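Text of work.txt (compact mmCIF, C-alpha atoms and all ligand atoms) as supplied:
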```
# COMPACT_ATOMS: atom_id res chain seq x y z
CA MET A 297 10.02 -11.66 20.47
CA ASP A 298 9.78 -8.14 19.07
CA TYR A 299 6.80 -6.81 17.16
CA ILE A 300 8.40 -7.00 13.69
CA GLN A 301 9.47 -10.62 14.14
CA GLU A 302 6.08 -11.61 15.53
CA LEU A 303 4.35 -9.75 12.72
CA LYS A 304 6.47 -11.44 10.05
CA GLU A 305 5.54 -14.86 11.41
CA PHE A 306 1.85 -13.92 11.50
CA ILE A 307 1.85 -12.50 7.95
CA GLN A 308 3.75 -15.51 6.63
CA SER A 309 1.08 -17.77 8.15
CA GLN A 310 -1.63 -15.80 6.29
CA GLU A 311 -0.09 -15.34 2.82
CA SER A 312 1.04 -17.65 0.02
CA PRO A 313 4.82 -17.92 -0.44
CA ALA A 314 4.68 -15.70 -3.55
CA ARG A 315 2.55 -13.07 -1.82
CA TYR A 316 4.79 -13.14 1.23
CA ARG A 317 7.87 -12.61 -0.97
CA HIS A 318 6.19 -9.50 -2.45
CA THR A 319 5.28 -8.37 1.08
CA LEU A 320 8.84 -8.72 2.41
CA GLN A 321 10.32 -6.96 -0.62
CA THR A 322 7.79 -4.14 -0.36
CA ALA A 323 8.63 -3.76 3.34
CA GLU A 324 12.35 -3.62 2.52
CA VAL A 325 11.88 -0.91 -0.12
CA CYS A 326 9.60 0.92 2.34
CA ALA A 327 12.44 0.98 4.87
CA GLU A 328 14.96 2.19 2.25
CA LEU A 329 12.69 5.03 1.10
CA ALA A 330 11.88 5.93 4.71
CA ASP A 331 15.57 6.19 5.60
CA ARG A 332 16.26 8.28 2.53
CA PHE A 333 13.40 10.72 3.16
CA GLY A 334 13.55 10.99 6.95
CA VAL A 335 10.47 8.94 7.79
CA SER A 336 10.40 6.19 10.46
CA ALA A 337 11.82 3.04 8.84
CA ILE A 338 10.16 0.88 11.50
CA ASP A 339 6.70 2.33 10.78
CA ALA A 340 7.32 1.98 7.04
CA THR A 341 8.32 -1.66 7.51
CA VAL A 342 5.14 -2.29 9.52
CA ALA A 343 3.01 -0.69 6.79
CA GLY A 344 4.75 -2.82 4.16
CA LEU A 345 4.26 -6.03 6.13
CA TRP A 346 0.54 -5.46 6.70
CA HIS A 347 -0.45 -3.94 3.37
CA ASP A 348 -1.52 -7.05 1.44
CA ILE A 349 -2.76 -9.20 4.34
CA ALA A 350 -6.19 -9.49 2.65
CA ARG A 351 -5.00 -9.36 -0.98
CA SER A 352 -5.85 -13.01 -1.66
CA TRP A 353 -9.31 -12.93 -0.09
CA SER A 354 -12.30 -13.56 -2.35
CA ASP A 355 -14.52 -10.64 -3.38
CA HIS A 356 -17.30 -12.13 -1.26
CA ARG A 357 -15.14 -12.29 1.86
CA LEU A 358 -13.84 -8.73 1.38
CA LEU A 359 -17.35 -7.34 0.90
CA ALA A 360 -18.71 -9.30 3.86
CA TYR A 361 -15.89 -8.15 6.17
CA THR A 362 -16.31 -4.53 5.09
CA ARG A 363 -20.06 -4.70 5.73
CA THR A 364 -19.84 -6.63 9.02
CA HIS A 365 -17.34 -4.18 10.51
CA GLY A 366 -19.11 -1.11 9.14
CA LEU A 367 -15.95 0.09 7.35
CA GLY A 368 -16.12 3.13 5.09
CA ALA A 369 -15.30 2.48 1.43
CA LEU A 370 -15.56 4.34 -1.85
CA THR A 371 -18.24 3.38 -4.35
CA TYR A 372 -15.43 2.56 -6.76
CA GLU A 373 -14.00 0.10 -4.22
CA ILE A 374 -17.35 -1.59 -3.64
CA GLN A 375 -17.71 -1.96 -7.39
CA ASN A 376 -14.18 -3.40 -7.62
CA PRO A 377 -14.03 -5.51 -4.42
CA LYS A 378 -10.39 -6.57 -4.81
CA LEU A 379 -9.52 -2.95 -3.92
CA LEU A 380 -11.17 -3.49 -0.53
CA HIS A 381 -8.09 -5.40 0.62
CA SER A 382 -6.71 -1.98 1.63
CA VAL A 383 -9.80 -1.20 3.74
CA VAL A 384 -9.70 -4.64 5.35
CA GLY A 385 -5.92 -4.59 5.81
CA ALA A 386 -6.05 -1.23 7.59
CA HIS A 387 -8.75 -2.55 9.92
CA GLN A 388 -6.83 -5.77 10.59
CA PHE A 389 -3.77 -3.71 11.49
CA SER A 390 -5.63 -1.48 13.94
CA SER A 391 -7.66 -4.24 15.53
CA SER A 392 -4.91 -6.87 15.74
CA GLN A 393 -4.01 -8.54 18.99
CA LEU A 394 -0.39 -7.94 18.05
CA ARG A 395 0.00 -4.62 19.83
CA TYR A 396 2.12 -2.06 18.01
CA ASP A 397 3.44 0.07 20.83
CA ARG A 398 3.72 3.52 19.22
CA ASP A 399 2.06 6.83 19.83
CA PRO A 400 -1.41 7.25 18.30
CA ASP A 401 -0.23 9.67 15.58
CA GLN A 402 2.34 7.21 14.26
CA ILE A 403 -0.17 4.36 14.34
CA GLU A 404 -2.63 6.51 12.40
CA GLN A 405 -0.01 7.28 9.74
CA VAL A 406 0.61 3.56 9.25
CA ARG A 407 -3.12 2.86 9.15
CA LEU A 408 -3.74 5.55 6.53
CA ALA A 409 -0.85 4.29 4.41
CA ILE A 410 -2.33 0.77 4.36
CA ARG A 411 -5.85 2.13 3.83
CA TRP A 412 -4.93 4.07 0.70
CA HIS A 413 -2.20 1.93 -0.85
CA THR A 414 -4.47 0.80 -3.68
CA THR A 415 -6.19 3.93 -4.92
CA GLY A 416 -4.17 6.72 -3.32
CA HIS A 417 -5.86 9.56 -1.45
CA HIS A 418 -5.09 13.09 -0.33
CA THR A 419 -4.99 11.89 3.31
CA MET A 420 -2.46 9.10 2.68
CA GLY A 421 0.46 11.24 3.91
CA THR A 422 4.19 10.77 3.50
CA MET A 423 4.00 7.24 4.85
CA GLY A 424 1.32 6.57 2.26
CA TYR A 425 3.63 7.77 -0.51
CA VAL A 426 6.42 5.52 0.77
CA LEU A 427 4.18 2.43 0.73
CA PHE A 428 2.52 3.27 -2.59
CA ILE A 429 5.87 3.73 -4.33
CA ALA A 430 7.52 0.70 -2.66
CA ASP A 431 4.57 -1.50 -3.63
CA TYR A 432 5.01 -0.42 -7.25
CA ILE A 433 8.78 -0.68 -7.57
CA GLU A 434 9.79 -3.61 -5.33
CA PRO A 435 12.27 -5.81 -7.23
CA GLY A 436 9.79 -8.68 -7.77
CA ARG A 437 7.51 -6.51 -9.93
CA THR A 438 7.91 -7.66 -13.50
CA HIS A 439 5.62 -5.00 -15.02
CA LEU A 440 8.42 -2.51 -14.50
CA SER A 441 11.66 -2.41 -16.48
CA ASP A 442 14.93 -1.72 -14.68
CA ALA A 443 15.10 1.57 -16.58
CA ASP A 444 11.67 2.62 -15.27
CA ARG A 445 12.65 1.59 -11.73
CA ARG A 446 15.85 3.64 -11.97
CA LYS A 447 13.91 6.58 -13.41
CA ILE A 448 11.64 6.61 -10.34
CA LEU A 449 14.46 6.14 -7.83
CA GLN A 450 16.55 8.93 -9.35
CA LEU A 451 13.85 11.51 -8.62
CA GLU A 452 14.61 13.78 -5.70
CA THR A 453 11.34 13.89 -3.77
CA LEU A 454 8.61 11.44 -2.80
CA GLU A 455 6.08 13.72 -4.50
CA ALA A 456 7.98 13.53 -7.79
CA MET A 457 8.18 9.73 -7.45
CA MET A 458 4.44 9.51 -6.75
CA SER A 459 3.72 11.63 -9.76
CA GLU A 460 5.91 9.43 -11.98
CA VAL A 461 4.32 6.21 -10.66
CA LEU A 462 0.85 7.63 -11.29
CA GLN A 463 1.77 8.61 -14.83
CA MET A 464 3.17 5.11 -15.48
CA GLN A 465 0.01 3.58 -14.00
CA SER A 466 -2.13 5.88 -16.08
CA ARG A 467 -0.37 4.83 -19.29
CA TYR A 468 -0.80 1.20 -18.25
CA PHE A 469 -4.53 1.62 -17.48
CA SER A 470 -5.09 3.47 -20.75
CA ALA A 471 -3.44 0.64 -22.64
CA GLN A 472 -5.74 -1.80 -20.81
CA GLY A 473 -8.81 0.27 -21.70
CA VAL A 474 -9.51 1.36 -18.10
CA ASP A 475 -11.10 4.79 -17.72
CA VAL A 476 -8.33 6.60 -15.84
CA ALA A 477 -10.59 9.50 -14.85
CA LEU A 478 -12.68 7.07 -12.79
CA GLY A 479 -9.94 4.69 -11.76
CA PRO A 480 -7.36 4.36 -9.01
CA GLY A 481 -5.26 7.39 -8.24
CA ARG A 482 -7.76 9.89 -9.57
CA GLY A 483 -7.78 11.87 -6.31
CA LEU A 484 -4.03 12.20 -6.48
CA TYR A 485 -3.85 13.84 -9.85
CA GLN A 486 -5.46 16.89 -8.30
CA LEU A 487 -3.16 16.69 -5.30
CA LEU A 488 0.06 16.44 -7.25
CA SER A 489 -0.67 18.43 -10.37
FE FE A 501 -2.25 -4.29 -2.26
FE FE A 502 1.25 -5.08 -2.68
```
What do you get writing this file as structure tokens?
Amino acid sequence: MDYIQELKEFIQSQESPARYRHTLQTAEVCAELADRFGVSAIDATVAGLWHDIARSWSDHRLLAYTRTHGLGALTYEIQNPKLLHSVVGAHQFSSSQLRYDRDPDQIEQVRLAIRWHTTGHHTMGTMGYVLFIADYIEPGRTHLSDADRRKILQLETLEAMMSEVLQMQSRYFSAQGVDVALGPGRGLYQLLS
């Protein structure tokens, strides 16, 4: 059995049906964006499949795993433990017994994409952009209108798409009363502005 098939079966065994649907659709959009922008579609699929492996964990379990494995996390993530599912997911990917047989640079790109898919970060790289955007626009996302989805997809570069997603997120967080200056994506405003 190849890695992708084995991985799908493993992820499906770990996630609820609804979460797994989101995971598969994110992985599919990852592959489409990767093809379009000249990034490895296989690596993008792998990042998409792993990204929410710990999304349904309790805050307690996420904090305990992060502490036990000595994983680095931002203060903001510790204060909002659900965000730690990216830290834990990245670690699960790199320490899994399912061996992803790629060169170390490619594995690191996938790891960084998973690591920063929640908050964004200046080290997330092109693969990180692909996952971040795919996670936001996959067809199961109901927070996004078809017009907004089209608006993002019509943009010509991943950087422009990232910027648009961040602006949409920022408007959403503002409407929810979240302090955007302290919230997710704050590092990217500097990067992309
Ligand atoms: Fe996530
Ligand atoms: Fe997700």
Around ligand FE 501 (chain A), out to 9 Å and counting all atoms listed in the file, which residues are there? I want them as a ChimeraX atom specification.
/A:347-351,378-379,381-382,385,410,413-414,428,431
Just the selected residues (C-alpha atoms), exported as a PDB file, in the coordinates of the input, please.
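Saved file out-v3.pdb follows:
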```
ATOM      1  CA  HIS A 347      -0.450  -3.940   3.370  1.00  0.00           C
ATOM      2  CA  ASP A 348      -1.520  -7.050   1.440  1.00  0.00           C
ATOM      3  CA  ILE A 349      -2.760  -9.200   4.340  1.00  0.00           C
ATOM      4  CA  ALA A 350      -6.190  -9.490   2.650  1.00  0.00           C
ATOM      5  CA  ARG A 351      -5.000  -9.360  -0.980  1.00  0.00           C
ATOM      6  CA  LYS A 378     -10.390  -6.570  -4.810  1.00  0.00           C
ATOM      7  CA  LEU A 379      -9.520  -2.950  -3.920  1.00  0.00           C
ATOM      8  CA  HIS A 381      -8.090  -5.400   0.620  1.00  0.00           C
ATOM      9  CA  SER A 382      -6.710  -1.980   1.630  1.00  0.00           C
ATOM     10  CA  GLY A 385      -5.920  -4.590   5.810  1.00  0.00           C
ATOM     11  CA  ILE A 410      -2.330   0.770   4.360  1.00  0.00           C
ATOM     12  CA  HIS A 413      -2.200   1.930  -0.850  1.00  0.00           C
ATOM     13  CA  THR A 414      -4.470   0.800  -3.680  1.00  0.00           C
ATOM     14  CA  PHE A 428       2.520   3.270  -2.590  1.00  0.00           C
ATOM     15  CA  ASP A 431       4.570  -1.500  -3.630  1.00  0.00           C
TER      16      ASP A 431
END
```
Figure out the distance between CA of Arg395 in chain A and CA of Val342 in chain A, please, to one decimal in Å.
11.8 Å
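CA of Pro313 in chain A lies 28.2 Å from CA of Met420 in chain A.
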If I take CA of Leu449 in chain A and CA of Thr415 in chain A, how far is one from the other in Å, to one decimal?
21.0 Å
Spatial neighbours of Ala343 in chain A, 8 Å, only C-alpha atoms, chain gap at least 4 places, as a list of chain:residue names:
A:Ala323, A:Asp339, A:His347, A:Val406, A:Arg407, A:Ala409, A:Ile410, A:Leu427
List every protein, DNA or RNA residue that has at least one atom no more than 10 Å from (2.4, 8.4, -9.7) in the file's coordinates, counting only C-alpha atoms, and write the result as a ChimeraX atom specification.
/A:416,425,428-429,432,448,454-466,481,484-485,488
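The shell of residues at most 9 Å from range 302-304 of chain A, with only C-alpha atoms counted and near chain neighbours (fewer than 3 positions) removed, consists of Met297, Asp298, Tyr299, Ile307, Gln308, Ser309, Leu320, Val342, Leu345, Trp346 and Leu394 of chain A.
Here the question is which of A:Leu408, A:Val383, A:Ala471, A:Leu358 gets nearest to Leu370 in chain A using all atoms listed in the file, and that residue is A:Val383.
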Counting only C-alpha atoms and all ligand atoms, the residue among A:Gly436, A:Gly473, A:Pro400, A:Gly334 that lies closest to ligand FE 502 (chain A) is A:Gly436
